[in-house]
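Source file: query.pdb; contents: PDB, C-alpha atoms.
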MODEL        1
ATOM      1  CA  MET A  28      58.513  96.973 106.071
ATOM      2  CA  VAL A  29      60.348  97.839 109.279
ATOM      3  CA  ILE A  30      57.393  96.634 111.325
ATOM      4  CA  ILE A  31      57.367  93.249 109.594
ATOM      5  CA  GLY A  32      61.159  92.900 109.829
ATOM      6  CA  GLY A  33      61.307  94.041 113.451
ATOM      7  CA  ALA A  34      58.452  91.777 114.478
ATOM      8  CA  ALA A  35      59.962  88.794 112.670
ATOM      9  CA  PHE A  36      63.366  89.353 114.240
ATOM     10  CA  ALA A  37      61.795  89.809 117.688
ATOM     11  CA  ILE A  38      59.818  86.570 117.368
ATOM     12  CA  VAL A  39      62.834  84.585 116.177
ATOM     13  CA  THR A  40      65.150  85.921 118.893
ATOM     14  CA  PHE A  41      62.520  85.331 121.572
ATOM     15  CA  LEU A  42      61.622  81.799 120.487
ATOM     16  CA  LEU A  43      65.062  80.535 119.373
ATOM     17  CA  PRO A  44      67.709  82.280 121.483
ATOM     18  CA  ARG A  45      69.803  79.198 122.246
ATOM     19  CA  PRO A  46      70.348  78.152 118.599
ATOM     20  CA  ILE A  47      71.273  81.730 117.767
ATOM     21  CA  MET A  48      73.799  81.820 120.608
ATOM     22  CA  ARG A  49      75.278  78.471 119.513
ATOM     23  CA  ILE A  50      76.392  80.207 116.319
ATOM     24  CA  PHE A  51      78.712  82.390 118.398
ATOM     25  CA  SER A  52      79.868  80.099 121.207
ATOM     26  CA  THR A  53      80.059  76.481 122.351
ATOM     27  CA  GLU A  54      80.306  77.268 126.077
ATOM     28  CA  GLU A  55      77.040  76.469 127.874
ATOM     29  CA  ASP A  56      77.378  79.369 130.333
ATOM     30  CA  VAL A  57      77.810  81.853 127.508
ATOM     31  CA  ILE A  58      74.908  80.333 125.581
ATOM     32  CA  GLU A  59      72.604  80.503 128.607
ATOM     33  CA  LEU A  60      73.470  84.118 129.457
ATOM     34  CA  GLY A  61      73.209  85.130 125.814
ATOM     35  CA  ALA A  62      69.829  83.410 125.490
ATOM     36  CA  GLN A  63      68.537  85.313 128.523
ATOM     37  CA  TYR A  64      69.815  88.551 127.009
ATOM     38  CA  LEU A  65      68.158  87.835 123.660
ATOM     39  CA  ARG A  66      64.824  87.082 125.321
ATOM     40  CA  ILE A  67      64.949  90.421 127.139
ATOM     41  CA  THR A  68      66.087  92.493 124.166
ATOM     42  CA  ALA A  69      63.663  90.844 121.716
ATOM     43  CA  PHE A  70      61.002  93.352 122.754
ATOM     44  CA  ILE A  71      63.084  96.386 121.739
ATOM     45  CA  TYR A  72      63.675  95.522 118.058
ATOM     46  CA  LEU A  73      60.306  96.727 116.808
ATOM     47  CA  PRO A  74      60.256 100.104 118.659
ATOM     48  CA  HIS A  75      63.899 100.699 117.752
ATOM     49  CA  GLY A  76      63.203 100.138 114.056
ATOM     50  CA  VAL A  77      60.231 102.496 114.133
ATOM     51  CA  SER A  78      62.346 105.108 115.928
ATOM     52  CA  LEU A  79      65.017 104.895 113.232
ATOM     53  CA  VAL A  80      62.450 105.344 110.475
ATOM     54  CA  VAL A  81      60.801 108.320 112.197
ATOM     55  CA  SER A  82      64.182 109.918 112.851
ATOM     56  CA  ASN A  83      65.242 109.559 109.217
ATOM     57  CA  VAL A  84      61.926 110.896 107.921
ATOM     58  CA  ILE A  85      62.195 113.960 110.139
ATOM     59  CA  ARG A  86      65.803 114.440 109.088
ATOM     60  CA  SER A  87      64.889 114.162 105.398
ATOM     61  CA  ILE A  88      62.305 116.948 105.631
ATOM     62  CA  GLY A  89      65.020 119.283 106.859
ATOM     63  CA  ASN A  90      64.633 119.249 110.618
ATOM     64  CA  ALA A  91      67.879 117.512 111.598
ATOM     65  CA  LYS A  92      67.826 118.588 115.243
ATOM     66  CA  LEU A  93      64.403 117.073 115.865
ATOM     67  CA  GLY A  94      65.576 113.841 114.212
ATOM     68  CA  LEU A  95      68.558 113.842 116.557
ATOM     69  CA  TYR A  96      66.284 114.261 119.579
ATOM     70  CA  VAL A  97      64.024 111.427 118.434
ATOM     71  CA  SER A  98      67.083 109.185 118.017
ATOM     72  CA  ILE A  99      68.320 109.962 121.516
ATOM     73  CA  ALA A 100      64.926 109.504 123.170
TER      74      ALA A 100
ENDMDL
END

Could you rewrite the structure in this file as structure tokens?
Amino acid sequence: MVIIGGAAFAIVTFLLPRPIMRIFSTEEDVIELGAQYLRITAFIYLPHGVSLVVSNVIRSIGNAKLGLYVSIA
């Protein structure tokens, strides 16, 4: 589920960054900088989601410190 959601969000933010930024601002400079930022960060959504799932699974089996280390890394 997290893989599908992360991939979908990454694709949308990579392909449609300007419309997303127009939700938050009407200034063209802000929209352009925000669009550049979204294109760069689009690639992190999937690994970040997987990291959160792995961290929570490790934490739920009783090894909280390892889950903390996975979250930080």

Using atom CA of Ser78 of chain A and atom CA of Leu65 of chain A as the two end points, give the distance in Å to one decimal.
->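 Straight-line distance from atom CA of Ser78 of chain A to atom CA of Leu65 of chain A works out to 19.8 Å.
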
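The coordinates place atom CA of Tyr96 of chain A at 10.9 Å from atom CA of Val81 of chain A.
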
I would like the residues chosen by the PyMOL selection byres ((chain A and resi 80) around 12) on the shown file; could you give them as number ranges by chain?
-> A: 28-30, 33, 73-79, 81-87, 94, 97-98

Hey, can you spit out that residue selection with C-alpha atoms as a PDB file, in the frame of the given file?
ATOM      1  CA  MET A  28      58.513  96.973 106.071  1.00  0.00           C
ATOM      2  CA  VAL A  29      60.348  97.839 109.279  1.00  0.00           C
ATOM      3  CA  ILE A  30      57.393  96.634 111.325  1.00  0.00           C
ATOM      4  CA  GLY A  33      61.307  94.041 113.451  1.00  0.00           C
ATOM      5  CA  LEU A  73      60.306  96.727 116.808  1.00  0.00           C
ATOM      6  CA  PRO A  74      60.256 100.104 118.659  1.00  0.00           C
ATOM      7  CA  HIS A  75      63.899 100.699 117.752  1.00  0.00           C
ATOM      8  CA  GLY A  76      63.203 100.138 114.056  1.00  0.00           C
ATOM      9  CA  VAL A  77      60.231 102.496 114.133  1.00  0.00           C
ATOM     10  CA  SER A  78      62.346 105.108 115.928  1.00  0.00           C
ATOM     11  CA  LEU A  79      65.017 104.895 113.232  1.00  0.00           C
ATOM     12  CA  VAL A  81      60.801 108.320 112.197  1.00  0.00           C
ATOM     13  CA  SER A  82      64.182 109.918 112.851  1.00  0.00           C
ATOM     14  CA  ASN A  83      65.242 109.559 109.217  1.00  0.00           C
ATOM     15  CA  VAL A  84      61.926 110.896 107.921  1.00  0.00           C
ATOM     16  CA  ILE A  85      62.195 113.960 110.139  1.00  0.00           C
ATOM     17  CA  ARG A  86      65.803 114.440 109.088  1.00  0.00           C
ATOM     18  CA  SER A  87      64.889 114.162 105.398  1.00  0.00           C
ATOM     19  CA  GLY A  94      65.576 113.841 114.212  1.00  0.00           C
ATOM     20  CA  VAL A  97      64.024 111.427 118.434  1.00  0.00           C
ATOM     21  CA  SER A  98      67.083 109.185 118.017  1.00  0.00           C
TER      22      SER A  98
END

Rounded to one decimal in Å, what is the spacing between atom CA of Asp56 of chain A and atom CA of Phe36 of chain A?
->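 Computing it gives 23.6 Å between the two atoms.
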
Could you pull the residues within 10 Å of segment 37-52 of chain A, counting all atoms listed in the file, minus those fewer than 4 positions along the same chain, as a PyMOL selection string?
-> chain A and resi 31-33+56-73

Because some atoms of segment 74-85 of chain A are absent here, can you restore all heavy atoms and send them as an mmCIF file, in the frame of the given file?
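Below you can see rebuild26.cif, which holds the result:
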data_model
loop_
_atom_site.group_PDB
_atom_site.id
_atom_site.type_symbol
_atom_site.label_atom_id
_atom_site.label_comp_id
_atom_site.auth_asym_id
_atom_site.auth_seq_id
_atom_site.Cartn_x
_atom_site.Cartn_y
_atom_site.Cartn_z
ATOM 1 N N PRO A 74 60.244 98.658 118.396
ATOM 2 C CA PRO A 74 60.256 100.104 118.659
ATOM 3 C C PRO A 74 61.527 100.794 118.155
ATOM 4 O O PRO A 74 61.479 101.935 117.696
ATOM 5 C CB PRO A 74 60.160 100.216 120.178
ATOM 6 C CG PRO A 74 59.657 98.912 120.638
ATOM 7 C CD PRO A 74 60.056 97.894 119.616
ATOM 8 N N HIS A 75 62.653 100.104 118.225
ATOM 9 C CA HIS A 75 63.899 100.699 117.752
ATOM 10 C C HIS A 75 63.851 100.931 116.244
ATOM 11 O O HIS A 75 64.273 101.979 115.756
ATOM 12 C CB HIS A 75 65.082 99.806 118.115
ATOM 13 C CG HIS A 75 66.396 100.353 117.668
ATOM 14 N ND1 HIS A 75 66.933 101.503 118.184
ATOM 15 C CD2 HIS A 75 67.270 99.918 116.729
ATOM 16 C CE1 HIS A 75 68.083 101.747 117.589
ATOM 17 N NE2 HIS A 75 68.306 100.794 116.696
ATOM 18 N N GLY A 76 63.329 99.978 115.502
ATOM 19 C CA GLY A 76 63.203 100.138 114.056
ATOM 20 C C GLY A 76 62.281 101.292 113.688
ATOM 21 O O GLY A 76 62.586 102.086 112.794
ATOM 22 N N VAL A 77 61.160 101.395 114.385
ATOM 23 C CA VAL A 77 60.231 102.496 114.133
ATOM 24 C C VAL A 77 60.898 103.825 114.461
ATOM 25 O O VAL A 77 60.753 104.810 113.727
ATOM 26 C CB VAL A 77 58.929 102.297 114.933
ATOM 27 C CG1 VAL A 77 58.044 103.526 114.851
ATOM 28 C CG2 VAL A 77 58.190 101.065 114.437
ATOM 29 N N SER A 78 61.634 103.887 115.551
ATOM 30 C CA SER A 78 62.346 105.108 115.928
ATOM 31 C C SER A 78 63.343 105.529 114.858
ATOM 32 O O SER A 78 63.461 106.716 114.543
ATOM 33 C CB SER A 78 63.068 104.897 117.259
ATOM 34 O OG SER A 78 63.919 105.977 117.557
ATOM 35 N N LEU A 79 64.064 104.565 114.293
ATOM 36 C CA LEU A 79 65.017 104.895 113.232
ATOM 37 C C LEU A 79 64.324 105.450 111.997
ATOM 38 O O LEU A 79 64.789 106.423 111.392
ATOM 39 C CB LEU A 79 65.831 103.655 112.857
ATOM 40 C CG LEU A 79 66.865 103.195 113.864
ATOM 41 C CD1 LEU A 79 67.485 101.884 113.416
ATOM 42 C CD2 LEU A 79 67.931 104.245 114.064
ATOM 43 N N VAL A 80 63.192 104.861 111.644
ATOM 44 C CA VAL A 80 62.450 105.344 110.475
ATOM 45 C C VAL A 80 61.932 106.752 110.721
ATOM 46 O O VAL A 80 62.081 107.637 109.877
ATOM 47 C CB VAL A 80 61.292 104.376 110.125
ATOM 48 C CG1 VAL A 80 60.366 104.995 109.099
ATOM 49 C CG2 VAL A 80 61.837 103.061 109.629
ATOM 50 N N VAL A 81 61.327 106.988 111.873
ATOM 51 C CA VAL A 81 60.801 108.320 112.197
ATOM 52 C C VAL A 81 61.924 109.348 112.205
ATOM 53 O O VAL A 81 61.785 110.449 111.664
ATOM 54 C CB VAL A 81 60.054 108.290 113.549
ATOM 55 C CG1 VAL A 81 59.729 109.689 114.032
ATOM 56 C CG2 VAL A 81 58.793 107.465 113.435
ATOM 57 N N SER A 82 63.041 109.011 112.802
ATOM 58 C CA SER A 82 64.182 109.918 112.851
ATOM 59 C C SER A 82 64.668 110.279 111.456
ATOM 60 O O SER A 82 64.935 111.453 111.159
ATOM 61 C CB SER A 82 65.316 109.273 113.646
ATOM 62 O OG SER A 82 66.478 110.052 113.586
ATOM 63 N N ASN A 83 64.769 109.291 110.581
ATOM 64 C CA ASN A 83 65.242 109.559 109.217
ATOM 65 C C ASN A 83 64.227 110.339 108.397
ATOM 66 O O ASN A 83 64.611 111.176 107.576
ATOM 67 C CB ASN A 83 65.613 108.260 108.514
ATOM 68 C CG ASN A 83 66.918 107.705 109.035
ATOM 69 O OD1 ASN A 83 67.825 108.456 109.387
ATOM 70 N ND2 ASN A 83 67.012 106.397 109.099
ATOM 71 N N VAL A 84 62.949 110.116 108.614
ATOM 72 C CA VAL A 84 61.926 110.896 107.921
ATOM 73 C C VAL A 84 61.992 112.358 108.348
ATOM 74 O O VAL A 84 61.967 113.261 107.511
ATOM 75 C CB VAL A 84 60.517 110.303 108.174
ATOM 76 C CG1 VAL A 84 59.427 111.268 107.733
ATOM 77 C CG2 VAL A 84 60.361 108.978 107.469
ATOM 78 N N ILE A 85 62.101 112.583 109.633
ATOM 79 C CA ILE A 85 62.195 113.960 110.139
ATOM 80 C C ILE A 85 63.452 114.629 109.611
ATOM 81 O O ILE A 85 63.438 115.799 109.215
ATOM 82 C CB ILE A 85 62.141 113.969 111.682
ATOM 83 C CG1 ILE A 85 60.749 113.543 112.150
ATOM 84 C CG2 ILE A 85 62.500 115.338 112.234
ATOM 85 C CD1 ILE A 85 60.641 113.311 113.640
#
